[in-house]
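J.: Just passing along the structure, written as structure tokens.
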Amino acid sequence: MNATVAFAEVAFATVALAALAGCITDGEHDVPSVSRQALQSDISEQLAKVGNPPQSVTCQEDLIGQVGRTARCDVMMSDANGFQPIVTISRVDGSTVDYEMTPAISQEQLEKDVARLIAQNSGDRVDSVACESGLEGRVDATAHCDVDAGGSKARRIVRVTEVSGLMMDFNLTAE
């Protein structure tokens with residue numbers, strides 16, 4: 001089974017935020033940061049620019065302006081379609097922080113997507129799906145899920161086959 005997880009029809013991979021909401025002091029240095037509110041607004045604006053405004057964007061914490069630091073935000077496009085982009089600091093220049101976003105889905109979101117995919121393709125009633133983890137948007141990234149559907153239990157492998165911007169395709173196969 002193949003699926004395109006349409007995290008909005010978004011084709012941007014890099015977002016730069018030049019105006020920062022604040023700095024964090026570590027005793028000796030002021031470290032620039034992107035407030036969670038600014039990050040939420042920026043993600044919402046970027047999605048709206050390409051015609052897919054989200055229902056909600058929730059980031060749990062500020063993003064510290066150090067290259068390589070990451071944050072995750074929950075983006076709900078609809079009641080049944082959500083994703084969790086990974087935001088990674090790619091460059092810091094004074095008070096300017098550049099970051100990149102890659103797609104990912106949480107464990108709970110993956111379980112919903114697998115259940116929906118199995119129900120659509122087989123017509124079977126899905127009693128439960130339990131995945132060991134979420135899924136990062138990298139080609140060949142995998143997750144394992146236990147599926148109880150149509151009166152039988154099976155272990156499934158979810159494998160990312162393609163990534164484009166904040167969209168990723170994956171397939172679902174028996175283990």
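Chains: A, B, ... in order of the structure tokens. Residues: from 1 per chain. Ligands: from 1, in order shown.
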Could you give me the residues within stretch 29-127 of chain A that DSSP places in helix (DSSP H, G or I), as a PyMOL selection string?

T.: chain A and resi 36-49+107-122

J.: Please produce an output containing C-alpha atoms for each residue in the selection, written as an mmCIF file, in the first residue's frame.

T.:
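Here's the written file result-v2.cif:
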data_model
loop_
_atom_site.group_PDB
_atom_site.id
_atom_site.type_symbol
_atom_site.label_atom_id
_atom_site.label_comp_id
_atom_site.auth_asym_id
_atom_site.auth_seq_id
_atom_site.Cartn_x
_atom_site.Cartn_y
_atom_site.Cartn_z
ATOM 1 C CA ARG A 36 7.400 29.770 20.167
ATOM 2 C CA GLN A 37 4.786 32.404 19.301
ATOM 3 C CA ALA A 38 6.949 33.791 16.457
ATOM 4 C CA LEU A 39 7.610 30.264 15.180
ATOM 5 C CA GLN A 40 3.888 29.416 15.268
ATOM 6 C CA SER A 41 3.056 32.612 13.372
ATOM 7 C CA ASP A 42 5.782 32.041 10.785
ATOM 8 C CA ILE A 43 4.684 28.453 10.080
ATOM 9 C CA SER A 44 1.047 29.584 9.787
ATOM 10 C CA GLU A 45 1.993 32.421 7.430
ATOM 11 C CA GLN A 46 4.156 30.178 5.224
ATOM 12 C CA LEU A 47 1.351 27.632 4.873
ATOM 13 C CA ALA A 48 -1.225 30.361 4.189
ATOM 14 C CA LYS A 49 1.028 31.853 1.460
ATOM 15 C CA GLN A 107 3.396 8.340 16.663
ATOM 16 C CA GLU A 108 -0.283 9.173 17.191
ATOM 17 C CA GLN A 109 -0.565 10.769 13.733
ATOM 18 C CA LEU A 110 1.151 7.778 12.097
ATOM 19 C CA GLU A 111 -1.246 5.367 13.792
ATOM 20 C CA LYS A 112 -4.211 7.337 12.431
ATOM 21 C CA ASP A 113 -2.707 7.462 8.916
ATOM 22 C CA VAL A 114 -1.953 3.713 8.890
ATOM 23 C CA ALA A 115 -5.493 2.905 10.075
ATOM 24 C CA ARG A 116 -6.990 5.185 7.418
ATOM 25 C CA LEU A 117 -4.773 3.706 4.690
ATOM 26 C CA ILE A 118 -5.626 0.105 5.580
ATOM 27 C CA ALA A 119 -9.360 0.848 5.796
ATOM 28 C CA GLN A 120 -9.319 2.648 2.426
ATOM 29 C CA ASN A 121 -7.349 -0.027 0.592
ATOM 30 C CA SER A 122 -8.782 -3.198 2.106
#

J.: From chain A, collect each residue whose DSSP state is strand (DSSP E or B) and return the set as number ranges by chain.

T.: A: 2-5, 14-17, 22-25, 30-34, 56-59, 63-64, 70-78, 81-83, 86-93, 96-102, 104-105, 126-131, 135-136, 142-149, 152-164, 167-174

J.: Counting only C-alpha atoms, figure out which residue out of A:Thr102, A:Thr88, A:Thr70, A:Asn52 gets nearest to A:Val163.

T.: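 So, comparing all the options, the nearest one is A:Thr102.
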
J.: What's the 6 Å shell around stretch 126-136 of chain A, counting only C-alpha atoms, without same-chain residues fewer than 6 positions away, as a short mmCIF file (atom, residue, chain, number, x, y, z; two decimals) with all heavy atoms, in the first residue's frame?

T.:
data_model
loop_
_atom_site.label_atom_id
_atom_site.label_comp_id
_atom_site.auth_asym_id
_atom_site.auth_seq_id
_atom_site.Cartn_x
_atom_site.Cartn_y
_atom_site.Cartn_z
N ALA A 104 7.60 15.51 9.36
CA ALA A 104 7.60 14.39 10.30
C ALA A 104 6.17 14.24 10.81
O ALA A 104 5.39 15.20 10.76
CB ALA A 104 8.55 14.65 11.47
N ILE A 105 5.85 13.05 11.26
CA ILE A 105 4.55 12.85 11.90
C ILE A 105 4.78 12.13 13.22
O ILE A 105 5.68 11.31 13.35
CB ILE A 105 3.55 12.09 11.00
CG1 ILE A 105 4.11 10.79 10.46
CG2 ILE A 105 3.08 12.96 9.87
CD1 ILE A 105 3.11 10.01 9.60
N SER A 106 3.97 12.47 14.18
CA SER A 106 4.09 11.88 15.51
C SER A 106 3.60 10.44 15.49
O SER A 106 2.96 9.99 14.53
CB SER A 106 3.27 12.69 16.52
OG SER A 106 1.88 12.52 16.27
N GLN A 107 3.86 9.72 16.54
CA GLN A 107 3.40 8.34 16.66
C GLN A 107 1.87 8.28 16.54
O GLN A 107 1.34 7.45 15.80
CB GLN A 107 3.86 7.77 17.99
CG GLN A 107 3.43 6.34 18.24
CD GLN A 107 3.95 5.80 19.56
OE1 GLN A 107 4.81 6.39 20.20
NE2 GLN A 107 3.43 4.67 19.98
N GLU A 111 -0.25 6.40 13.53
CA GLU A 111 -1.25 5.37 13.79
C GLU A 111 -2.57 5.68 13.09
O GLU A 111 -3.19 4.80 12.49
CB GLU A 111 -1.44 5.20 15.30
CG GLU A 111 -0.24 4.57 15.97
CD GLU A 111 -0.23 4.65 17.48
OE1 GLU A 111 -1.07 5.37 18.07
OE2 GLU A 111 0.64 3.99 18.08
N HIS A 144 7.64 0.80 12.56
CA HIS A 144 6.98 -0.50 12.62
C HIS A 144 5.67 -0.34 13.39
O HIS A 144 5.63 0.30 14.44
CB HIS A 144 7.88 -1.52 13.32
CG HIS A 144 9.18 -1.73 12.60
ND1 HIS A 144 9.34 -2.68 11.62
CD2 HIS A 144 10.35 -1.07 12.67
CE1 HIS A 144 10.56 -2.62 11.14
NE2 HIS A 144 11.21 -1.64 11.77
N CYS A 145 4.62 -0.95 12.84
CA CYS A 145 3.29 -0.84 13.45
C CYS A 145 2.64 -2.22 13.54
O CYS A 145 2.74 -3.01 12.60
CB CYS A 145 2.39 0.08 12.61
SG CYS A 145 3.01 1.76 12.40
N ASP A 146 1.97 -2.48 14.65
CA ASP A 146 1.17 -3.68 14.81
C ASP A 146 -0.26 -3.30 14.48
O ASP A 146 -0.81 -2.35 15.06
CB ASP A 146 1.26 -4.20 16.25
CG ASP A 146 2.66 -4.72 16.57
OD1 ASP A 146 3.24 -5.43 15.72
OD2 ASP A 146 3.18 -4.41 17.65
N VAL A 147 -0.87 -4.05 13.55
CA VAL A 147 -2.20 -3.73 13.05
C VAL A 147 -3.14 -4.89 13.32
O VAL A 147 -2.82 -6.05 13.02
CB VAL A 147 -2.16 -3.44 11.54
CG1 VAL A 147 -3.54 -3.17 10.99
CG2 VAL A 147 -1.22 -2.27 11.25
N ASP A 148 -4.29 -4.59 13.89
CA ASP A 148 -5.37 -5.56 14.08
C ASP A 148 -6.53 -5.10 13.22
O ASP A 148 -7.20 -4.11 13.54
CB ASP A 148 -5.76 -5.61 15.56
CG ASP A 148 -6.79 -6.68 15.87
OD1 ASP A 148 -7.31 -7.31 14.92
OD2 ASP A 148 -7.10 -6.88 17.06
N ALA A 149 -6.72 -5.80 12.09
CA ALA A 149 -7.76 -5.39 11.14
C ALA A 149 -8.34 -6.62 10.45
O ALA A 149 -7.61 -7.57 10.15
CB ALA A 149 -7.19 -4.44 10.10
#

J.: Name the closest residue to A:Arg156 among the candidates A:Val87, A:Ala143, A:Met168, A:Met76; distances are taken between atoms, counting only C-alpha atoms.

T.: A:Ala143

J.: Grab the atom CA of A:Asp93 to atom CA of A:Val75 distance for me, in Å with one decimal place.

T.: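 Separating atom CA of A:Asp93 from atom CA of A:Val75 is a distance of 27.8 Å.
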
J.: Using only C-alpha atoms, find the one residue out of A:Ala141, A:Thr173, A:Thr58, A:Asp74 that sits nearest to A:Thr161.

T.: A:Ala141
